[in-house]
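Structure file data07.pdb; described as PDB, C-alpha atoms and all ligand atoms.
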MODEL        1
ATOM      1  CA  MET A   1      27.816   6.686 -50.912
ATOM      2  CA  LYS A   2      24.116   6.151 -50.590
ATOM      3  CA  ILE A   3      22.341   3.183 -52.185
ATOM      4  CA  ARG A   4      18.613   3.428 -52.666
ATOM      5  CA  PHE A   5      16.377   0.432 -53.354
ATOM      6  CA  HIS A   6      13.508   1.098 -55.755
ATOM      7  CA  GLY A   7      11.847  -2.328 -55.552
ATOM      8  CA  HIS A   8      12.505  -5.656 -57.292
ATOM      9  CA  SER A   9      16.125  -5.382 -58.554
ATOM     10  CA  VAL A  10      16.313  -1.630 -59.052
ATOM     11  CA  LEU A  11      19.195  -0.004 -57.186
ATOM     12  CA  GLU A  12      20.457   3.553 -57.376
ATOM     13  CA  VAL A  13      24.050   4.108 -56.220
ATOM     14  CA  GLN A  14      24.466   7.788 -55.411
ATOM     15  CA  LEU A  15      28.149   8.711 -55.455
ATOM     16  CA  GLU A  16      29.675  12.121 -54.849
ATOM     17  CA  ASP A  17      29.327  13.253 -58.468
ATOM     18  CA  THR A  18      27.821  10.272 -60.231
ATOM     19  CA  ASN A  19      24.489   8.509 -60.084
ATOM     20  CA  VAL A  20      24.563   4.838 -61.079
ATOM     21  CA  LEU A  21      21.228   3.116 -61.723
ATOM     22  CA  VAL A  22      20.992  -0.676 -61.873
ATOM     23  CA  ASP A  23      18.302  -2.676 -63.714
ATOM     24  CA  PRO A  24      15.657   0.051 -64.038
ATOM     25  CA  TRP A  25      12.186  -1.455 -64.176
ATOM     26  CA  LEU A  26       9.706   1.025 -62.763
ATOM     27  CA  THR A  27       6.918   1.048 -65.352
ATOM     28  CA  GLY A  28       4.603  -1.806 -64.392
ATOM     29  CA  ASN A  29       6.672  -2.709 -61.338
ATOM     30  CA  PRO A  30       4.098  -3.189 -58.558
ATOM     31  CA  SER A  31       6.667  -2.437 -55.851
ATOM     32  CA  ALA A  32       8.041   0.784 -57.346
ATOM     33  CA  VAL A  33       7.457   4.079 -55.562
ATOM     34  CA  VAL A  34       9.110   6.258 -58.217
ATOM     35  CA  ALA A  35       8.446   6.571 -61.942
ATOM     36  CA  ALA A  36      11.034   6.069 -64.665
ATOM     37  CA  GLY A  37      10.826   9.780 -65.439
ATOM     38  CA  ASP A  38      11.844  10.673 -61.873
ATOM     39  CA  LEU A  39      15.324   9.206 -62.337
ATOM     40  CA  ALA A  40      18.223  10.972 -64.040
ATOM     41  CA  PRO A  41      21.250   8.670 -63.848
ATOM     42  CA  ASP A  42      24.705   9.272 -65.274
ATOM     43  CA  VAL A  43      25.296   5.549 -65.730
ATOM     44  CA  ILE A  44      22.894   2.622 -66.158
ATOM     45  CA  LEU A  45      24.064  -0.930 -65.436
ATOM     46  CA  VAL A  46      21.959  -3.720 -66.952
ATOM     47  CA  THR A  47      22.444  -7.305 -65.761
ATOM     48  CA  HIS A  48      20.395  -8.981 -68.515
ATOM     49  CA  ALA A  49      17.633  -8.447 -71.052
ATOM     50  CA  HIS A  50      14.620  -9.828 -69.186
ATOM     51  CA  ALA A  51      11.753  -7.337 -69.017
ATOM     52  CA  ASP A  52      11.941  -6.921 -65.226
ATOM     53  CA  HIS A  53      15.505  -5.579 -65.576
ATOM     54  CA  TRP A  54      15.574  -3.961 -68.979
ATOM     55  CA  SER A  55      12.136  -2.442 -69.717
ATOM     56  CA  ASP A  56      12.826   1.179 -68.784
ATOM     57  CA  VAL A  57      16.438   1.274 -69.990
ATOM     58  CA  PRO A  58      15.729   2.830 -73.430
ATOM     59  CA  GLN A  59      13.433   5.542 -72.061
ATOM     60  CA  ILE A  60      15.665   6.519 -69.143
ATOM     61  CA  ALA A  61      18.796   6.402 -71.301
ATOM     62  CA  GLN A  62      17.285   8.610 -73.993
ATOM     63  CA  ALA A  63      15.979  11.112 -71.437
ATOM     64  CA  SER A  64      19.181  11.296 -69.389
ATOM     65  CA  GLY A  65      21.897  10.525 -71.937
ATOM     66  CA  ALA A  66      23.384   8.073 -69.427
ATOM     67  CA  LEU A  67      26.181   5.678 -70.334
ATOM     68  CA  VAL A  68      24.658   2.182 -70.510
ATOM     69  CA  VAL A  69      27.000  -0.592 -69.367
ATOM     70  CA  SER A  70      25.869  -4.121 -70.149
ATOM     71  CA  ASN A  71      26.779  -7.247 -72.021
ATOM     72  CA  PHE A  72      27.731  -6.794 -75.666
ATOM     73  CA  GLU A  73      24.394  -7.960 -77.087
ATOM     74  CA  ILE A  74      22.301  -5.518 -75.043
ATOM     75  CA  ALA A  75      24.648  -2.658 -75.973
ATOM     76  CA  GLU A  76      24.374  -3.548 -79.666
ATOM     77  CA  HIS A  77      20.582  -3.823 -79.371
ATOM     78  CA  LEU A  78      20.411  -0.272 -77.989
ATOM     79  CA  LYS A  79      22.427   0.996 -80.954
ATOM     80  CA  ARG A  80      20.486  -0.964 -83.557
ATOM     81  CA  ALA A  81      16.913  -0.736 -82.275
ATOM     82  CA  TYR A  82      17.021   2.647 -80.507
ATOM     83  CA  SER A  83      19.890   4.482 -82.269
ATOM     84  CA  TYR A  84      21.343   4.963 -78.783
ATOM     85  CA  GLU A  85      25.122   5.215 -79.001
ATOM     86  CA  ASN A  86      26.279   5.987 -75.437
ATOM     87  CA  VAL A  87      26.875   2.353 -74.544
ATOM     88  CA  LEU A  88      29.703   0.204 -73.280
ATOM     89  CA  GLY A  89      29.311  -3.429 -74.275
ATOM     90  CA  MET A  90      31.355  -5.771 -72.113
ATOM     91  CA  ASN A  91      31.394  -9.488 -71.443
ATOM     92  CA  THR A  92      31.723 -11.865 -68.513
ATOM     93  CA  GLY A  93      35.006 -11.469 -66.628
ATOM     94  CA  GLY A  94      35.742  -8.060 -68.077
ATOM     95  CA  GLU A  95      36.466  -5.032 -65.946
ATOM     96  CA  SER A  96      36.244  -1.375 -66.869
ATOM     97  CA  ARG A  97      37.543   1.687 -65.057
ATOM     98  CA  PHE A  98      35.760   5.019 -64.993
ATOM     99  CA  ASP A  99      36.599   8.299 -63.305
ATOM    100  CA  TRP A 100      34.024   7.445 -60.613
ATOM    101  CA  GLY A 101      34.963   3.799 -59.967
ATOM    102  CA  GLN A 102      35.170   0.436 -61.668
ATOM    103  CA  VAL A 103      32.829  -2.306 -62.751
ATOM    104  CA  LYS A 104      33.491  -5.989 -63.312
ATOM    105  CA  LEU A 105      31.007  -8.240 -65.071
ATOM    106  CA  THR A 106      30.582 -11.518 -63.227
ATOM    107  CA  HIS A 107      29.013 -14.749 -64.332
ATOM    108  CA  ALA A 108      25.353 -15.267 -63.464
ATOM    109  CA  LEU A 109      23.639 -18.632 -63.667
ATOM    110  CA  HIS A 110      20.433 -17.606 -65.420
ATOM    111  CA  SER A 111      19.253 -16.766 -68.962
ATOM    112  CA  SER A 112      18.823 -13.544 -70.940
ATOM    113  CA  SER A 113      16.320 -12.775 -73.681
ATOM    114  CA  PHE A 114      14.544  -9.577 -74.672
ATOM    115  CA  PRO A 115      10.763  -9.335 -74.178
ATOM    116  CA  ASP A 116      10.220 -10.283 -77.849
ATOM    117  CA  GLY A 117      12.316 -13.420 -77.368
ATOM    118  CA  ALA A 118      15.428 -12.133 -79.118
ATOM    119  CA  TYR A 119      18.782 -13.300 -77.772
ATOM    120  CA  GLY A 120      20.015 -11.021 -75.013
ATOM    121  CA  GLY A 121      23.550 -12.294 -74.499
ATOM    122  CA  ASN A 122      24.688 -13.957 -71.306
ATOM    123  CA  PRO A 123      23.350 -12.727 -67.967
ATOM    124  CA  ASN A 124      25.740 -10.996 -65.586
ATOM    125  CA  GLY A 125      26.221  -9.581 -62.144
ATOM    126  CA  PHE A 126      28.367  -6.561 -61.286
ATOM    127  CA  VAL A 127      31.149  -5.987 -58.812
ATOM    128  CA  LEU A 128      31.117  -2.209 -58.434
ATOM    129  CA  THR A 129      33.988  -0.499 -56.619
ATOM    130  CA  ALA A 130      33.798   3.208 -55.814
ATOM    131  CA  GLU A 131      34.779   5.552 -52.997
ATOM    132  CA  GLY A 132      36.674   2.743 -51.275
ATOM    133  CA  LYS A 133      33.632   0.466 -51.081
ATOM    134  CA  THR A 134      32.833  -2.728 -52.961
ATOM    135  CA  LEU A 135      29.295  -3.704 -53.891
ATOM    136  CA  TYR A 136      28.281  -6.951 -55.536
ATOM    137  CA  MET A 137      24.976  -6.946 -57.379
ATOM    138  CA  LEU A 138      24.519 -10.646 -58.089
ATOM    139  CA  GLY A 139      21.899 -10.188 -60.802
ATOM    140  CA  ASP A 140      19.402 -12.981 -61.357
ATOM    141  CA  THR A 141      21.338 -16.098 -60.497
ATOM    142  CA  ALA A 142      21.579 -19.367 -58.655
ATOM    143  CA  PRO A 143      24.646 -19.917 -56.492
ATOM    144  CA  PHE A 144      27.677 -21.053 -58.495
ATOM    145  CA  ALA A 145      30.975 -22.414 -57.204
ATOM    146  CA  GLU A 146      33.054 -19.518 -58.589
ATOM    147  CA  MET A 147      31.386 -17.223 -56.071
ATOM    148  CA  GLN A 148      34.166 -18.543 -53.847
ATOM    149  CA  TRP A 149      36.678 -16.739 -56.095
ATOM    150  CA  ILE A 150      34.631 -13.538 -56.084
ATOM    151  CA  GLY A 151      34.658 -13.690 -52.280
ATOM    152  CA  GLU A 152      38.414 -14.268 -52.230
ATOM    153  CA  ASP A 153      39.234 -11.547 -54.725
ATOM    154  CA  HIS A 154      36.978  -8.809 -53.375
ATOM    155  CA  ASP A 155      36.382  -7.468 -49.889
ATOM    156  CA  ILE A 156      32.629  -7.122 -50.380
ATOM    157  CA  ASP A 157      30.926  -4.493 -48.267
ATOM    158  CA  VAL A 158      27.397  -5.209 -49.465
ATOM    159  CA  ALA A 159      26.006  -8.107 -51.504
ATOM    160  CA  PHE A 160      22.636  -7.431 -53.126
ATOM    161  CA  MET A 161      21.214 -10.940 -53.451
ATOM    162  CA  PRO A 162      18.077 -12.277 -55.103
ATOM    163  CA  ILE A 163      16.069 -14.383 -52.656
ATOM    164  CA  GLY A 164      12.670 -14.741 -54.347
ATOM    165  CA  ASP A 165      13.176 -18.309 -55.596
ATOM    166  CA  LEU A 166      11.395 -19.661 -58.719
ATOM    167  CA  PHE A 167      13.463 -17.561 -61.186
ATOM    168  CA  THR A 168      16.577 -17.158 -59.008
ATOM    169  CA  MET A 169      18.090 -18.526 -55.840
ATOM    170  CA  GLY A 170      15.773 -18.683 -52.841
ATOM    171  CA  PRO A 171      16.469 -17.812 -49.207
ATOM    172  CA  ARG A 172      18.384 -21.008 -48.363
ATOM    173  CA  ASP A 173      20.605 -20.795 -51.436
ATOM    174  CA  ALA A 174      21.291 -17.143 -50.644
ATOM    175  CA  VAL A 175      22.889 -18.254 -47.372
ATOM    176  CA  ARG A 176      24.921 -20.775 -49.386
ATOM    177  CA  ALA A 177      26.070 -17.956 -51.661
ATOM    178  CA  ALA A 178      26.945 -15.702 -48.719
ATOM    179  CA  ARG A 179      29.193 -18.389 -47.244
ATOM    180  CA  MET A 180      31.260 -18.200 -50.443
ATOM    181  CA  LEU A 181      31.156 -14.395 -50.802
ATOM    182  CA  ARG A 182      31.747 -13.409 -47.145
ATOM    183  CA  PRO A 183      30.111  -9.973 -47.489
ATOM    184  CA  LYS A 184      29.937  -7.607 -44.539
ATOM    185  CA  LEU A 185      26.260  -6.977 -45.247
ATOM    186  CA  THR A 186      23.577  -8.716 -47.288
ATOM    187  CA  VAL A 187      20.557  -6.952 -48.784
ATOM    188  CA  PRO A 188      17.753  -9.014 -50.359
ATOM    189  CA  ILE A 189      16.346  -8.115 -53.779
ATOM    190  CA  HIS A 190      14.083  -9.778 -56.383
ATOM    191  CA  TYR A 191      11.417 -10.917 -53.900
ATOM    192  CA  ASN A 192       7.826 -10.007 -52.892
ATOM    193  CA  THR A 193       7.306  -8.067 -56.116
ATOM    194  CA  PHE A 194       4.439 -10.389 -57.010
ATOM    195  CA  PRO A 195       2.978 -13.570 -55.442
ATOM    196  CA  PRO A 196       5.181 -16.235 -57.118
ATOM    197  CA  ILE A 197       8.322 -14.755 -55.530
ATOM    198  CA  GLU A 198       6.952 -13.989 -52.076
ATOM    199  CA  VAL A 199       9.265 -15.118 -49.288
ATOM    200  CA  ASP A 200       9.467 -14.853 -45.500
ATOM    201  CA  THR A 201      12.241 -12.312 -44.993
ATOM    202  CA  ALA A 202      12.296 -12.833 -41.214
ATOM    203  CA  THR A 203      13.320 -16.469 -41.702
ATOM    204  CA  TRP A 204      15.860 -15.441 -44.327
ATOM    205  CA  ALA A 205      17.368 -12.815 -42.032
ATOM    206  CA  ALA A 206      17.516 -15.231 -39.078
ATOM    207  CA  ASP A 207      19.262 -17.883 -41.199
ATOM    208  CA  MET A 208      21.691 -15.314 -42.598
ATOM    209  CA  GLN A 209      22.505 -13.928 -39.145
ATOM    210  CA  ALA A 210      22.919 -17.447 -37.722
ATOM    211  CA  SER A 211      25.564 -17.966 -40.405
ATOM    212  CA  GLY A 212      27.336 -14.792 -39.304
ATOM    213  CA  PHE A 213      26.199 -12.325 -41.961
ATOM    214  CA  GLY A 214      24.604  -8.942 -41.409
ATOM    215  CA  THR A 215      21.293  -8.198 -43.067
ATOM    216  CA  SER A 216      19.468  -5.078 -44.067
ATOM    217  CA  ILE A 217      15.961  -5.351 -45.493
ATOM    218  CA  LEU A 218      15.024  -2.242 -47.456
ATOM    219  CA  ALA A 219      11.492  -1.259 -48.360
ATOM    220  CA  PRO A 220      11.181   0.342 -51.807
ATOM    221  CA  GLY A 221      12.401   3.918 -51.492
ATOM    222  CA  GLU A 222      14.664   3.176 -48.521
ATOM    223  CA  SER A 223      18.433   3.513 -48.678
ATOM    224  CA  ILE A 224      21.619   2.578 -46.865
ATOM    225  CA  THR A 225      24.624   4.849 -46.467
ATOM    226  CA  LEU A 226      28.153   3.454 -46.480
TER     227      LEU A 226
HETATM  228 NI    NI B 301      15.836 -12.678 -65.255
HETATM  229 MN    MN B 302      14.399 -11.053 -62.945
ENDMDL
END
Structure rendered as structure tokens:
Amino acid sequence: MKIRFHGHSVLEVQLEDTNVLVDPWLTGNPSAVVAAGDLAPDVILVTHAHADHWSDVPQIAQASGALVVSNFEIAEHLKRAYSYENVLGMNTGGESRFDWGQVKLTHALHSSSFPDGAYGGNPNGFVLTAEGKTLYMLGDTAPFAEMQWIGEDHDIDVAFMPIGDLFTMGPRDAVRAARMLRPKLTVPIHYNTFPPIEVDTATWAADMQASGFGTSILAPGESITL
């Protein structure tokens, strides 16, 4: 599989026959190098309803017909407000199997509201397993003690971790999270998109490597192949 980073928290998991897009926010995203209209996913995963994760979901879903997998409230909102029916509403702890892989919704220690302030359900992360690999997209979150269980229950190949601080965990807490998750590789997300979440990635990478974890820093548009 190939995983492409599109800036902020936008990830595109390119499987053999399936394209899985996570948290599409391209329109107005200062770090994005592609437009929402350039993407044609088969599946869209949405961690929570905040604008920087949700904004382009309706447009991309309607253009592509993709299955949208999210918490129950976001799925219902798509049906009600956009008459978009190809949704799978789940909730924290639930797992779903597809012909291309499986997705488990994890807890995330954050909040979730739509841009107009409406309730957006509980925030989540995703453990995505496909083609023999396990990815953990943490979503917007602080570290939480149950990450220990996620690390025990899953042999995580790559953890996509927010490090931008202010709204999520910062670089030091990301190392704390990695010690619980034991991933083979860590990739930072949700940083340097705009000034309040600017961080020194060299320091982050050095701290992560000193703790025994591999790092890969992707510029928007870059990808890793597993
Ligand atoms: Ni958020
Ligand atoms: Mn966010």
Kindly provide, as a ChimeraX atom specification, all nucleotide and amino acid residues lying within 9 Å of ligand NI 301 (chain B), counting all atoms listed in the file. /A:47-53,110-113,123,139-141,167-168
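Shortest separation to A:Ser216 among A:Thr186, A:Ile197, A:Trp204, A:Trp100 occurs at residue A:Thr186, atoms counted being all atoms listed in the file.
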Around (27.0, -16.9, -48.1) in the file's own coordinates, what residues are found within 12 Å if you use all atoms listed in the file, given back as a ChimeraX atom specification? /A:143-145,147-148,150-151,156,158-161,169,171-187,204,207-215
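When only C-alpha atoms are used to compute distances to A:Ser64, the closest of the residues A:Ala32, A:Val46, A:Val20, A:Met90 turns out to be A:Val20.
Nearest to ligand MN 302 (chain B) of all the residues A:Asn91, A:Gln14, A:Ser9, A:Thr106 is A:Ser9, based on only C-alpha atoms and all ligand atoms.
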Using only C-alpha atoms, give me every residue within 10 Å of (35.4, -11.4, -70.3) in file coordinates, as a PyMOL selection string. chain A and resi 71+90-95+104-107
Nearest to A:Val10 by atom-to-atom distance, counting all atoms listed in the file, from A:Ala61, A:Ala36, A:Thr203, A:His154: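 So, comparing all the options, the nearest one is A:Ala36.
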Selected residue of minimal separation from A:Met1 among A:Gly89, A:Gly132, A:Pro115, A:Pro58, counting only C-alpha atoms: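 Under the stated criterion, the closest residue is A:Gly132.
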Hey, can you check how far atom CA of A:Glu16 sits from atom CA of A:Trp54?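 Pair atom CA of A:Glu16 / atom CA of A:Trp54 returns 25.6 Å.
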Point-to-point distance from atom CA of A:Asp155 to atom CA of A:Thr134, Å rounded to tenths: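 Atom-to-atom, atom CA of A:Asp155 and atom CA of A:Thr134 are spaced 6.7 Å apart.
For the residues A:Ile189, A:Leu78, A:Val103, A:Ala108, ranking by smallest atom-to-atom distance to A:Val127 using only C-alpha atoms places A:Val103 first.
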Using atom CA of A:Leu26 and atom CA of A:Ile60 as the two end points, give the distance in Å to one decimal.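 Between these atoms lies a distance of 10.3 Å.
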Taking all atoms of stretch 220-224 of chain A that appear in the file, build a box with edges along x, y and z, extend it by 8 Å on every side, and state its centre and edge lengths in Å to one decimal, as AutoDock Vina command-line options.
--center_x 16.4 --center_y 2.1 --center_z -49.3 --size_x 26.4 --size_y 19.6 --size_z 20.9
Exactly which residues make up the result of the PyMOL selection byres (((chain A and resi 34) around 12) and not hetatm) on this file, given as a PyMOL selection string? chain A and resi 4-7+10-12+24-33+35-40+220-222
Apply the PyMOL selection byres (((chain A and resi 199) around 12) and not hetatm) to the structure shown and report the selected residues as a PDB file with C-alpha atoms, in the coordinates of the input.
ATOM      1  CA  PRO A 162      18.077 -12.277 -55.103  1.00  0.00           C
ATOM      2  CA  ILE A 163      16.069 -14.383 -52.656  1.00  0.00           C
ATOM      3  CA  GLY A 164      12.670 -14.741 -54.347  1.00  0.00           C
ATOM      4  CA  ASP A 165      13.176 -18.309 -55.596  1.00  0.00           C
ATOM      5  CA  LEU A 166      11.395 -19.661 -58.719  1.00  0.00           C
ATOM      6  CA  MET A 169      18.090 -18.526 -55.840  1.00  0.00           C
ATOM      7  CA  GLY A 170      15.773 -18.683 -52.841  1.00  0.00           C
ATOM      8  CA  PRO A 171      16.469 -17.812 -49.207  1.00  0.00           C
ATOM      9  CA  ARG A 172      18.384 -21.008 -48.363  1.00  0.00           C
ATOM     10  CA  PRO A 188      17.753  -9.014 -50.359  1.00  0.00           C
ATOM     11  CA  ILE A 189      16.346  -8.115 -53.779  1.00  0.00           C
ATOM     12  CA  HIS A 190      14.083  -9.778 -56.383  1.00  0.00           C
ATOM     13  CA  TYR A 191      11.417 -10.917 -53.900  1.00  0.00           C
ATOM     14  CA  ASN A 192       7.826 -10.007 -52.892  1.00  0.00           C
ATOM     15  CA  THR A 193       7.306  -8.067 -56.116  1.00  0.00           C
ATOM     16  CA  PHE A 194       4.439 -10.389 -57.010  1.00  0.00           C
ATOM     17  CA  PRO A 195       2.978 -13.570 -55.442  1.00  0.00           C
ATOM     18  CA  PRO A 196       5.181 -16.235 -57.118  1.00  0.00           C
ATOM     19  CA  ILE A 197       8.322 -14.755 -55.530  1.00  0.00           C
ATOM     20  CA  GLU A 198       6.952 -13.989 -52.076  1.00  0.00           C
ATOM     21  CA  ASP A 200       9.467 -14.853 -45.500  1.00  0.00           C
ATOM     22  CA  THR A 201      12.241 -12.312 -44.993  1.00  0.00           C
ATOM     23  CA  ALA A 202      12.296 -12.833 -41.214  1.00  0.00           C
ATOM     24  CA  THR A 203      13.320 -16.469 -41.702  1.00  0.00           C
ATOM     25  CA  TRP A 204      15.860 -15.441 -44.327  1.00  0.00           C
ATOM     26  CA  ALA A 205      17.368 -12.815 -42.032  1.00  0.00           C
TER      27      ALA A 205
END
Just the residues within 7 Å of A:Leu21, please, counting only C-alpha atoms, with nothing from its chain fewer than 6 positions along; format it as number ranges by chain. A: 11-13, 41, 43-45
